[in-house]
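File shown: my_file-v5.cif (mmCIF, C-alpha atoms).
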```
data_input
#
loop_
_atom_site.label_atom_id
_atom_site.label_comp_id
_atom_site.auth_asym_id
_atom_site.auth_seq_id
_atom_site.Cartn_x
_atom_site.Cartn_y
_atom_site.Cartn_z
CA MET A 21 17.84 -37.47 -49.44
CA ALA A 22 18.19 -39.51 -52.63
CA ASN A 23 17.98 -37.53 -55.84
CA ASN A 24 14.62 -38.91 -56.90
CA GLU A 25 12.71 -37.58 -59.89
CA PHE A 26 9.44 -38.21 -58.03
CA ILE A 27 10.36 -35.97 -55.08
CA THR A 28 8.40 -32.70 -55.36
CA PRO A 29 10.22 -29.33 -55.05
CA ALA A 30 8.22 -28.53 -51.89
CA LYS A 31 9.29 -31.82 -50.28
CA ALA A 32 12.94 -31.11 -51.15
CA ALA A 33 12.82 -27.50 -49.88
CA ARG A 34 11.18 -28.51 -46.58
CA GLY A 35 13.65 -31.35 -46.08
CA LEU A 36 13.67 -32.59 -42.49
CA GLY A 37 12.16 -29.33 -41.25
CA SER A 38 13.63 -26.74 -38.96
CA ALA A 39 16.08 -27.98 -36.30
CA ARG A 40 14.94 -25.26 -33.82
CA ALA A 41 18.64 -24.78 -33.08
CA GLY A 42 21.51 -22.50 -33.91
CA THR A 43 20.56 -19.45 -31.86
CA HIS A 44 22.52 -20.58 -28.78
CA ASP A 45 25.69 -21.10 -30.83
CA HIS A 46 25.07 -17.72 -32.48
CA ILE A 47 24.87 -16.01 -29.06
CA ARG A 48 27.81 -17.90 -27.56
CA GLN A 49 30.02 -17.09 -30.53
CA ARG A 50 29.35 -13.40 -29.99
CA VAL A 51 29.70 -13.52 -26.20
CA THR A 52 33.08 -15.30 -26.44
CA ALA A 53 34.09 -12.75 -29.09
CA ILE A 54 33.36 -9.91 -26.64
CA ALA A 55 35.42 -11.66 -23.95
CA LEU A 56 38.29 -12.19 -26.38
CA VAL A 57 38.36 -8.50 -27.33
CA PHE A 58 39.69 -7.90 -23.79
CA LEU A 59 41.54 -11.14 -23.16
CA VAL A 60 43.57 -11.47 -26.37
CA PRO A 61 45.39 -8.08 -26.17
CA TRP A 62 46.18 -8.78 -22.49
CA PHE A 63 47.40 -12.28 -23.42
CA ILE A 64 49.65 -11.18 -26.29
CA PHE A 65 51.13 -8.25 -24.34
CA SER A 66 51.72 -10.33 -21.16
CA VAL A 67 53.15 -13.40 -22.86
CA ILE A 68 55.63 -11.32 -24.85
CA SER A 69 56.83 -9.46 -21.77
CA ALA A 70 56.81 -12.58 -19.57
CA THR A 71 58.86 -14.71 -21.95
CA ASN A 72 61.50 -12.01 -22.53
CA ALA A 73 63.30 -12.95 -19.33
CA GLY A 74 63.51 -16.71 -19.89
CA TYR A 75 61.61 -19.83 -18.78
CA GLU A 76 61.94 -19.49 -15.02
CA SER A 77 60.45 -16.01 -14.80
CA ALA A 78 57.72 -16.92 -17.33
CA ALA A 79 56.72 -19.95 -15.23
CA GLU A 80 56.71 -17.75 -12.14
CA TRP A 81 54.50 -15.16 -13.95
CA ALA A 82 51.99 -17.79 -15.08
CA GLY A 83 51.86 -19.26 -11.56
CA LYS A 84 50.57 -16.02 -10.02
CA PRO A 85 46.82 -16.34 -9.19
CA TRP A 86 45.46 -13.50 -11.35
CA ASN A 87 47.61 -14.43 -14.32
CA ALA A 88 46.60 -18.09 -13.97
CA ILE A 89 42.89 -17.22 -13.78
CA LEU A 90 43.08 -14.95 -16.83
CA LEU A 91 45.13 -17.53 -18.77
CA ILE A 92 42.53 -20.25 -18.13
CA LEU A 93 39.69 -17.87 -19.06
CA THR A 94 41.53 -16.90 -22.26
CA ALA A 95 41.97 -20.57 -23.16
CA GLY A 96 38.30 -21.31 -22.40
CA ALA A 97 36.94 -18.45 -24.48
CA THR A 98 39.39 -19.09 -27.33
CA PHE A 99 38.73 -22.82 -27.67
CA TYR A 100 34.96 -22.40 -27.28
CA HIS A 101 34.98 -19.70 -29.95
CA MET A 102 37.26 -21.86 -32.13
CA ARG A 103 34.94 -24.85 -31.77
CA ILE A 104 31.92 -22.88 -33.02
CA GLY A 105 33.95 -21.27 -35.83
CA MET A 106 35.35 -24.60 -37.02
CA GLN A 107 31.87 -26.14 -36.79
CA ILE A 108 30.55 -23.46 -39.16
CA ILE A 109 33.39 -24.07 -41.62
CA ILE A 110 32.80 -27.85 -41.54
CA GLU A 111 29.04 -27.39 -42.05
CA ASP A 112 29.73 -25.00 -44.94
CA TYR A 113 32.14 -27.13 -46.90
CA ILE A 114 31.52 -30.79 -46.03
CA ALA A 115 28.34 -31.95 -47.71
CA LYS A 116 28.43 -35.68 -46.91
CA THR A 117 26.48 -36.25 -43.66
CA SER A 118 28.66 -39.08 -42.28
CA THR A 119 31.94 -37.23 -42.89
CA ARG A 120 30.46 -34.02 -41.52
CA THR A 121 29.21 -35.67 -38.33
CA ALA A 122 32.57 -37.40 -37.76
CA LEU A 123 34.46 -34.11 -38.23
CA LEU A 124 32.06 -32.24 -35.92
CA ILE A 125 32.66 -34.79 -33.15
CA LEU A 126 36.42 -34.64 -33.75
CA ASN A 127 36.18 -30.83 -33.60
CA SER A 128 34.50 -30.94 -30.17
CA PHE A 129 37.04 -33.46 -28.88
CA ALA A 130 39.96 -31.33 -30.11
CA ALA A 131 38.59 -28.16 -28.48
CA ILE A 132 38.01 -29.89 -25.14
CA ALA A 133 41.42 -31.63 -25.24
CA LEU A 134 43.19 -28.34 -25.98
CA PHE A 135 41.37 -26.56 -23.15
CA VAL A 136 42.08 -29.32 -20.61
CA THR A 137 45.75 -29.38 -21.61
CA VAL A 138 46.20 -25.62 -21.23
CA ALA A 139 44.13 -25.44 -18.02
CA LEU A 140 46.06 -28.28 -16.32
CA SER A 141 49.42 -26.83 -17.40
CA VAL A 142 48.55 -23.46 -15.89
CA LEU A 143 47.16 -25.10 -12.73
CA LYS A 144 50.39 -27.07 -12.36
CA LEU A 145 52.41 -23.84 -12.44
CA TRP A 146 49.97 -22.16 -10.03
CA ILE A 147 49.97 -25.04 -7.51
CA GLY A 148 53.71 -25.55 -8.02
CA ALA A 149 54.34 -21.87 -7.23
CA GLY A 150 52.26 -22.09 -4.03
CA ALA A 151 54.05 -25.19 -2.69
CA MET B 20 33.60 -31.77 -50.10
CA VAL B 21 32.14 -28.69 -51.69
CA GLN B 22 32.34 -28.52 -55.49
CA LEU B 23 34.88 -25.87 -56.45
CA THR B 24 35.17 -26.74 -60.14
CA LEU B 25 32.49 -27.33 -62.75
CA PRO B 26 31.59 -30.96 -63.46
CA LYS B 27 33.00 -32.28 -66.77
CA ASN B 28 29.76 -31.93 -68.72
CA SER B 29 29.32 -28.29 -67.58
CA ARG B 30 32.73 -26.94 -68.62
CA VAL B 31 32.26 -24.17 -71.14
CA GLY B 32 34.04 -24.67 -74.45
CA LYS B 33 34.77 -22.37 -77.36
CA GLY B 34 31.79 -21.71 -79.62
CA LYS B 35 31.01 -19.89 -82.81
CA THR B 36 32.13 -16.37 -83.73
CA TRP B 37 29.23 -14.73 -85.55
CA PRO B 38 30.00 -12.33 -88.45
CA LYS B 39 30.03 -8.56 -87.98
CA PRO B 40 26.90 -6.73 -89.12
CA GLN B 41 27.35 -4.86 -92.43
CA GLY B 42 28.10 -1.15 -92.39
CA ALA B 43 28.15 -0.74 -88.59
CA THR B 44 30.47 1.81 -87.01
CA ASN B 45 29.80 1.51 -83.26
CA LEU B 46 30.55 -2.20 -82.68
CA ARG B 47 30.88 -3.99 -79.37
CA GLN B 48 31.68 -7.67 -78.83
CA PHE B 49 29.55 -9.86 -76.52
CA ARG B 50 30.44 -13.35 -75.32
CA ILE B 51 27.26 -15.28 -74.59
CA TYR B 52 26.82 -18.65 -72.85
CA ARG B 53 25.06 -21.15 -75.08
CA PHE B 54 23.66 -24.52 -74.08
CA SER B 55 20.87 -26.61 -75.52
CA PRO B 56 19.70 -29.89 -73.99
CA GLU B 57 18.71 -31.03 -77.48
CA GLU B 58 22.29 -30.87 -78.74
CA ASN B 59 24.95 -33.21 -77.47
CA GLY B 60 28.02 -31.70 -75.93
CA ASN B 61 29.12 -29.12 -73.42
CA PRO B 62 27.99 -25.49 -73.16
CA ARG B 63 29.98 -23.01 -75.26
CA TRP B 64 30.78 -19.30 -75.50
CA ASP B 65 29.47 -17.73 -78.72
CA LEU B 66 30.88 -14.38 -79.81
CA TYR B 67 28.59 -11.76 -81.29
CA TRP B 68 29.29 -8.31 -82.74
CA VAL B 69 26.52 -5.88 -81.90
CA ASP B 70 25.89 -2.50 -83.50
CA LEU B 71 25.30 -0.33 -80.44
CA ASP B 72 23.80 2.47 -82.54
CA LYS B 73 20.93 0.18 -83.52
CA ALA B 74 20.63 -1.95 -80.38
CA GLY B 75 19.13 0.53 -77.90
CA THR B 76 20.61 1.39 -74.51
CA MET B 77 20.29 -1.64 -72.23
CA ILE B 78 21.73 -5.16 -72.21
CA LEU B 79 18.23 -6.56 -72.82
CA ASP B 80 18.20 -4.48 -76.02
CA VAL B 81 21.47 -6.17 -77.04
CA LEU B 82 19.97 -9.62 -76.48
CA LEU B 83 16.83 -8.70 -78.45
CA TYR B 84 19.04 -7.25 -81.22
CA ILE B 85 20.96 -10.53 -81.40
CA LYS B 86 17.76 -12.61 -81.39
CA ASN B 87 16.09 -10.45 -84.05
CA ASN B 88 19.03 -9.81 -86.34
CA ILE B 89 21.79 -12.37 -85.82
CA ASP B 90 20.74 -15.60 -84.10
CA PRO B 91 17.05 -16.39 -83.43
CA THR B 92 17.96 -19.54 -81.46
CA LEU B 93 19.30 -17.55 -78.47
CA ALA B 94 17.01 -18.26 -75.48
CA PHE B 95 16.45 -15.95 -72.50
CA ARG B 96 13.58 -14.90 -70.23
CA ARG B 97 12.21 -11.37 -70.42
CA SER B 98 8.90 -9.66 -69.86
CA CYS B 99 8.39 -6.16 -68.51
CA ARG B 100 11.65 -4.58 -69.78
CA GLU B 101 11.56 -2.03 -66.93
CA GLY B 102 12.84 -3.78 -63.80
CA VAL B 103 9.61 -4.87 -62.15
CA CYS B 104 9.16 -8.49 -63.23
CA GLY B 105 12.59 -9.95 -62.47
CA SER B 106 12.57 -12.30 -65.47
CA CYS B 107 15.75 -11.22 -67.26
CA SER B 108 18.15 -11.79 -64.36
CA MET B 109 21.52 -13.09 -65.52
CA ASN B 110 25.24 -12.70 -64.96
CA ILE B 111 26.51 -9.71 -66.95
CA ALA B 112 30.24 -8.93 -66.98
CA GLY B 113 30.67 -10.99 -63.82
CA ASN B 114 27.81 -9.51 -61.80
CA ASN B 115 24.30 -10.82 -61.33
CA THR B 116 21.78 -8.23 -62.42
CA ILE B 117 18.68 -7.78 -64.56
CA ALA B 118 19.45 -7.13 -68.23
CA CYS B 119 16.67 -4.58 -68.75
CA THR B 120 18.05 -1.98 -66.33
CA LYS B 121 21.76 -2.53 -67.03
CA GLY B 122 22.90 0.18 -69.45
CA PHE B 123 25.88 0.08 -71.84
CA ASP B 124 27.39 3.06 -70.04
CA GLU B 125 27.68 1.01 -66.82
CA LEU B 126 29.75 -1.72 -68.47
CA PRO B 127 33.49 -2.20 -68.17
CA GLY B 128 35.67 -2.11 -71.32
CA GLY B 129 36.49 -5.10 -73.52
CA VAL B 130 34.35 -8.10 -74.42
CA ILE B 131 31.22 -8.36 -72.25
CA SER B 132 30.38 -11.87 -71.02
CA ILE B 133 26.73 -12.79 -70.46
CA ALA B 134 25.97 -16.05 -68.65
CA PRO B 135 23.02 -17.54 -66.79
CA LEU B 136 22.76 -17.00 -63.01
CA PRO B 137 25.58 -18.96 -61.34
CA HIS B 138 25.33 -22.36 -59.69
CA LEU B 139 21.88 -23.33 -60.96
CA PRO B 140 20.96 -26.06 -63.44
CA VAL B 141 20.67 -24.55 -66.93
CA VAL B 142 17.50 -25.23 -68.92
CA LYS B 143 18.73 -23.54 -72.10
CA ASP B 144 21.22 -20.74 -72.88
CA LEU B 145 20.52 -17.94 -70.35
CA ILE B 146 17.57 -19.69 -68.70
CA PRO B 147 18.30 -21.28 -65.31
CA ASP B 148 16.07 -23.74 -63.44
CA LEU B 149 14.59 -21.79 -60.51
CA THR B 150 12.39 -24.60 -59.14
CA ASN B 151 14.24 -24.92 -55.82
CA PHE B 152 14.42 -21.12 -55.44
CA TYR B 153 10.63 -20.82 -55.76
CA ALA B 154 10.03 -23.80 -53.45
CA GLN B 155 12.18 -22.07 -50.81
CA HIS B 156 10.16 -18.89 -51.27
CA ALA B 157 6.99 -20.95 -50.69
CA TYR B 158 8.57 -22.45 -47.55
CA VAL B 159 8.54 -19.05 -45.78
CA GLN B 160 4.77 -18.75 -46.50
CA PRO B 161 4.87 -15.20 -47.88
CA PHE B 162 1.30 -14.25 -47.07
CA LEU B 163 -0.60 -12.76 -44.13
CA LYS B 164 -1.43 -15.31 -41.41
CA THR B 165 -3.87 -14.37 -38.64
CA VAL B 166 -6.04 -15.99 -35.98
CA THR B 167 -8.22 -12.92 -35.41
CA PRO B 168 -11.38 -13.14 -37.55
CA ASN B 169 -11.44 -10.89 -40.59
CA PRO B 170 -12.48 -7.31 -39.73
CA GLU B 171 -15.40 -5.80 -41.57
CA LYS B 172 -13.34 -3.64 -43.83
CA GLU B 173 -9.56 -3.83 -43.53
CA ARG B 174 -6.66 -4.72 -41.23
CA LYS B 175 -5.20 -1.42 -40.07
CA GLN B 176 -1.56 -0.53 -39.59
CA SER B 177 0.13 2.61 -38.28
CA GLU B 178 2.21 4.67 -40.66
CA GLU B 179 5.38 3.77 -38.72
CA ASP B 180 4.59 0.05 -38.96
CA ARG B 181 3.95 0.39 -42.69
CA ASN B 182 7.32 2.11 -43.09
CA GLU B 183 9.00 -1.00 -41.64
CA LEU B 184 8.06 -2.81 -44.86
CA ASN B 185 9.98 -0.37 -47.05
CA GLY B 186 13.09 -1.95 -48.50
CA LEU B 187 11.46 -5.39 -48.18
CA TYR B 188 8.27 -5.46 -50.22
CA GLU B 189 10.05 -4.20 -53.38
CA CYS B 190 11.74 -7.56 -54.02
CA ILE B 191 10.97 -8.83 -57.54
CA LEU B 192 12.26 -12.40 -56.97
CA CYS B 193 14.88 -12.16 -59.72
CA ALA B 194 17.21 -14.47 -57.72
CA CYS B 195 20.28 -12.26 -58.33
CA CYS B 196 21.04 -12.20 -54.59
CA SER B 197 20.64 -15.87 -53.75
CA THR B 198 22.69 -17.01 -56.75
CA SER B 199 25.50 -14.55 -55.93
CA CYS B 200 25.84 -15.96 -52.39
CA PRO B 201 28.70 -18.47 -51.87
CA SER B 202 26.86 -19.94 -48.90
CA TYR B 203 23.87 -20.55 -51.18
CA TRP B 204 26.18 -22.10 -53.80
CA TRP B 205 27.57 -24.63 -51.31
CA ASN B 206 24.37 -25.36 -49.35
CA GLY B 207 21.52 -24.12 -51.57
CA ASP B 208 19.55 -27.30 -50.92
CA LYS B 209 19.24 -26.47 -47.21
CA TYR B 210 20.06 -22.74 -46.83
CA LEU B 211 17.00 -20.69 -47.77
CA GLY B 212 19.10 -17.93 -49.32
CA PRO B 213 18.86 -14.12 -49.11
CA ALA B 214 15.74 -13.71 -51.29
CA ALA B 215 13.56 -16.12 -49.30
CA LEU B 216 14.89 -14.76 -45.98
CA LEU B 217 14.22 -11.15 -47.02
CA GLN B 218 10.60 -12.15 -47.69
CA ALA B 219 10.50 -14.10 -44.41
CA TYR B 220 11.53 -10.91 -42.59
CA ARG B 221 8.96 -8.88 -44.55
CA TRP B 222 6.23 -11.01 -42.89
CA LEU B 223 8.00 -11.26 -39.52
CA ILE B 224 8.05 -7.49 -39.18
CA ASP B 225 4.50 -6.92 -40.51
CA SER B 226 2.45 -5.58 -37.58
CA ARG B 227 -0.72 -7.26 -38.94
CA ASP B 228 0.75 -10.78 -39.10
CA GLU B 229 -0.05 -12.98 -36.09
CA ALA B 230 2.22 -15.95 -36.87
CA THR B 231 5.56 -14.35 -35.92
CA GLY B 232 6.50 -17.11 -33.46
CA GLU B 233 5.67 -19.93 -35.86
CA ARG B 234 7.59 -18.16 -38.60
CA LEU B 235 10.66 -17.87 -36.35
CA ASP B 236 10.29 -21.56 -35.42
CA ASP B 237 10.39 -22.54 -39.09
CA LEU B 238 13.55 -20.47 -39.67
CA GLU B 239 15.55 -21.34 -36.55
CA ASP B 240 17.95 -23.81 -38.08
CA PRO B 241 21.75 -23.96 -38.50
CA PHE B 242 21.26 -24.33 -42.27
CA LYS B 243 18.01 -22.60 -43.21
CA LEU B 244 19.01 -19.30 -41.52
CA TYR B 245 22.44 -19.44 -39.91
CA ARG B 246 24.33 -20.23 -43.16
CA CYS B 247 24.35 -16.45 -43.74
CA HIS B 248 27.86 -15.26 -42.90
CA THR B 249 27.25 -11.62 -43.91
CA ILE B 250 29.29 -11.96 -47.09
CA MET B 251 27.08 -9.13 -48.47
CA ASN B 252 27.17 -10.16 -52.16
CA CYS B 253 23.35 -10.08 -51.99
CA ALA B 254 23.23 -6.39 -51.10
CA GLN B 255 25.91 -5.59 -53.66
CA VAL B 256 24.10 -7.15 -56.62
CA CYS B 257 20.44 -6.43 -55.84
CA PRO B 258 19.13 -4.54 -58.90
CA LYS B 259 16.45 -2.94 -56.72
CA GLY B 260 19.01 -1.66 -54.19
CA LEU B 261 17.63 -3.77 -51.32
CA ASN B 262 19.71 -5.20 -48.49
CA PRO B 263 18.83 -8.85 -47.76
CA ALA B 264 21.87 -9.21 -45.46
CA LYS B 265 20.43 -6.55 -43.15
CA ALA B 266 17.04 -8.30 -43.13
CA ILE B 267 18.76 -11.60 -42.20
CA ALA B 268 20.68 -9.85 -39.41
CA LYS B 269 17.36 -8.56 -38.10
CA ILE B 270 15.88 -12.08 -38.15
CA LYS B 271 18.88 -13.26 -36.10
CA LYS B 272 18.27 -10.37 -33.71
CA MET B 273 14.63 -11.49 -33.27
CA MET B 274 15.89 -15.03 -32.56
CA VAL B 275 18.18 -13.68 -29.82
CA GLU B 276 15.41 -11.47 -28.45
CA ARG B 277 13.06 -14.37 -27.88
CA VAL B 278 15.55 -16.43 -25.88
CA SER B 279 16.88 -13.54 -23.81
#
```

Could I get this file's structure written as structure tokens?
Amino acid sequence: MANNEFITPAKAARGLGSARAGTHDHIRQRVTAIALVFLVPWFIFSVISATNAGYESAAEWAGKPWNAILLILTAGATFYHMRIGMQIIIEDYIAKTSTRTALLILNSFAAIALFVTVALSVLKLWIGAGA
Amino acid sequence: MVQLTLPKNSRVGKGKTWPKPQGATNLRQFRIYRFSPEENGNPRWDLYWVDLDKAGTMILDVLLYIKNNIDPTLAFRRSCREGVCGSCSMNIAGNNTIACTKGFDELPGGVISIAPLPHLPVVKDLIPDLTNFYAQHAYVQPFLKTVTPNPEKERKQSEEDRNELNGLYECILCACCSTSCPSYWWNGDKYLGPAALLQAYRWLIDSRDEATGERLDDLEDPFKLYRCHTIMNCAQVCPKGLNPAKAIAKIKKMMVERVS
């Protein structure tokens, strides 16, 4: 809103009113956090041990069904959590509405692109291992 | 982008060093923010020597000593001088607090800086413009709302329900919490801030209030409520020892409760 001397304080404080939103993101951020408490330690431990023996054995490890499922779930929870976290940072620090909206869209695109990339890579190893 | 440095016309320059009072033995130096809209130029830090033996025991006593004995042009708000009115809130030695209950013995060593509450427009010297802060307080409608017709005598409440209001009703609206909150600094035009949200919770949890749902509706917003990132500066500075961050967490819990 333009900084107008005739705008009353009450009008400025009310702004465009309540968006009736935010609670779902608040819940999802916490739910993905709970999932990541279990997934991240598994991920770090497994990746370190799987990559110790070189590319071939790592690819074979990631192609096993349970590992592939958990890897895709880890990627999903991580990038969803990251998207909400980045959204909060952008909303905090970028005041200009047009820039903020553009960055929020870019943020969603980036999260989806990262998830699709990881998920397809793991699927390729899984399907490749089965063939 | 968020403003991380002061605009050019708000940068604080060097001001006047006032002479030491005659014959004083227990001297302490205070650095006080000075700004007057009637004078051209930026705000400045003035240095004052204060005789602690004659000034009393609290920071408000120091300010009154300066105003009465050294520099009558120093402007600040004060009223009750006992921590119930919330007028003399300011930034003392880097922390927001009320001057009337902050004693000398609580201060760190060296020169003590006294500035207006951070990140608000300054009216004069230590007086900030609290217009937006009060408008946000009005937004949460801090009064009882009911649809049930008035009872003959009084609206009753159990002792347990009354106890829920402890730690909430004591707020004196000094604005120490809201102006210590980085989230409020960056988005104070849209984020309601800890003080207004503490009062919002005080009415949300009141067993006699019948507008709980409408109140939650008015708060459910990514900016008005969810800008709180539990930084906890509010709880740290509150001169009444209240915990606005906890009240905000409880509002968020109510939000989750009604969708699950």

Ground truth for the PyMOL selection byres ((chain A) within 10 of (chain B)), written as a PyMOL selection string: chain A and resi 28-47+108-116+119-120

What separation in Å, quoted to one decimal, exists between atom CA of B:Trp64 and atom CA of B:Phe123?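 Interatomic distance here is 20.3 Å.
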
Once the PyMOL selection byres ((chain A and resi 97) around 10) is applied to the coordinates I shared, what remains selected? I want it as a list in words. Arg48, Gln49, Val51, Thr52, Ala53, Ile54, Ala55, Leu56, Leu59, Val60, Ile92, Leu93, Thr94, Ala95, Gly96, Thr98, Phe99, Tyr100, His101, Met102, Arg103 and Phe135 of chain A

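Residues captured in this structure file are Val67, Ser69, Ala70, Thr71, Asn72, Ala73, Gly74, Tyr75, Glu76, Trp86, Asn87, Ala88, Ile89, Leu90, Leu91, Val142, Leu143, Lys144, Leu145, Trp146, Ile147, Gly148, Ala149 and Gly150 of chain A, according to the PyMOL selection byres ((chain A and resi 77-85) around 9).
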
If you measure from atom CA of B:Ser132 to atom CA of B:Ala112, what distance in Å do you get, rounded to one decimal? 5.0 Å

At what distance in Å, to one decimal, does atom CA of B:Asp90 lie from atom CA of B:Gly42?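 That distance, rounded to one decimal, is 18.2 Å.
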
All residues 12 Å or closer to B:Gln176, all atoms listed in the file, same chain fewer than 3 positions away omitted, as a ChimeraX atom specification: /B:173,179-184,224-228

Take stretch 45-64 of chain A, model N, CA and C atoms, and hand the result over as a tab-separated table (two decimals), in the frame of the given file.
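So part39.tsv came out as:
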```
chain	number	residue	atom	x	y	z
A	45	ASP	N	24.32	-21.20	-30.30
A	45	ASP	CA	25.69	-21.10	-30.83
A	45	ASP	C	25.96	-19.68	-31.32
A	46	HIS	N	24.94	-19.09	-31.96
A	46	HIS	CA	25.07	-17.72	-32.48
A	46	HIS	C	25.37	-16.75	-31.33
A	47	ILE	N	24.65	-16.90	-30.21
A	47	ILE	CA	24.87	-16.01	-29.06
A	47	ILE	C	26.23	-16.28	-28.43
A	48	ARG	N	26.55	-17.57	-28.23
A	48	ARG	CA	27.81	-17.90	-27.56
A	48	ARG	C	29.02	-17.45	-28.38
A	49	GLN	N	28.91	-17.54	-29.70
A	49	GLN	CA	30.02	-17.09	-30.53
A	49	GLN	C	30.28	-15.60	-30.31
A	50	ARG	N	29.19	-14.85	-30.18
A	50	ARG	CA	29.35	-13.40	-29.99
A	50	ARG	C	29.80	-13.06	-28.57
A	51	VAL	N	29.30	-13.79	-27.59
A	51	VAL	CA	29.70	-13.52	-26.20
A	51	VAL	C	31.19	-13.83	-26.01
A	52	THR	N	31.65	-14.98	-26.56
A	52	THR	CA	33.08	-15.30	-26.44
A	52	THR	C	33.90	-14.28	-27.21
A	53	ALA	N	33.37	-13.78	-28.33
A	53	ALA	CA	34.09	-12.75	-29.09
A	53	ALA	C	34.29	-11.50	-28.25
A	54	ILE	N	33.25	-11.10	-27.50
A	54	ILE	CA	33.36	-9.91	-26.64
A	54	ILE	C	34.44	-10.15	-25.57
A	55	ALA	N	34.42	-11.35	-24.97
A	55	ALA	CA	35.42	-11.66	-23.95
A	55	ALA	C	36.83	-11.60	-24.54
A	56	LEU	N	36.96	-12.12	-25.77
A	56	LEU	CA	38.29	-12.19	-26.38
A	56	LEU	C	38.82	-10.81	-26.79
A	57	VAL	N	37.93	-9.86	-27.01
A	57	VAL	CA	38.36	-8.50	-27.33
A	57	VAL	C	39.26	-7.97	-26.19
A	58	PHE	N	38.90	-8.35	-24.94
A	58	PHE	CA	39.69	-7.90	-23.79
A	58	PHE	C	40.84	-8.86	-23.49
A	59	LEU	N	40.56	-10.15	-23.60
A	59	LEU	CA	41.54	-11.14	-23.16
A	59	LEU	C	42.73	-11.27	-24.10
A	60	VAL	N	42.47	-11.22	-25.41
A	60	VAL	CA	43.57	-11.47	-26.37
A	60	VAL	C	44.67	-10.39	-26.30
A	61	PRO	N	44.31	-9.09	-26.29
A	61	PRO	CA	45.39	-8.08	-26.17
A	61	PRO	C	46.19	-8.26	-24.87
A	62	TRP	N	45.49	-8.53	-23.76
A	62	TRP	CA	46.18	-8.78	-22.49
A	62	TRP	C	47.13	-9.96	-22.64
A	63	PHE	N	46.64	-11.05	-23.27
A	63	PHE	CA	47.40	-12.28	-23.42
A	63	PHE	C	48.67	-12.04	-24.24
A	64	ILE	N	48.50	-11.40	-25.40
A	64	ILE	CA	49.65	-11.18	-26.29
A	64	ILE	C	50.70	-10.31	-25.59
```
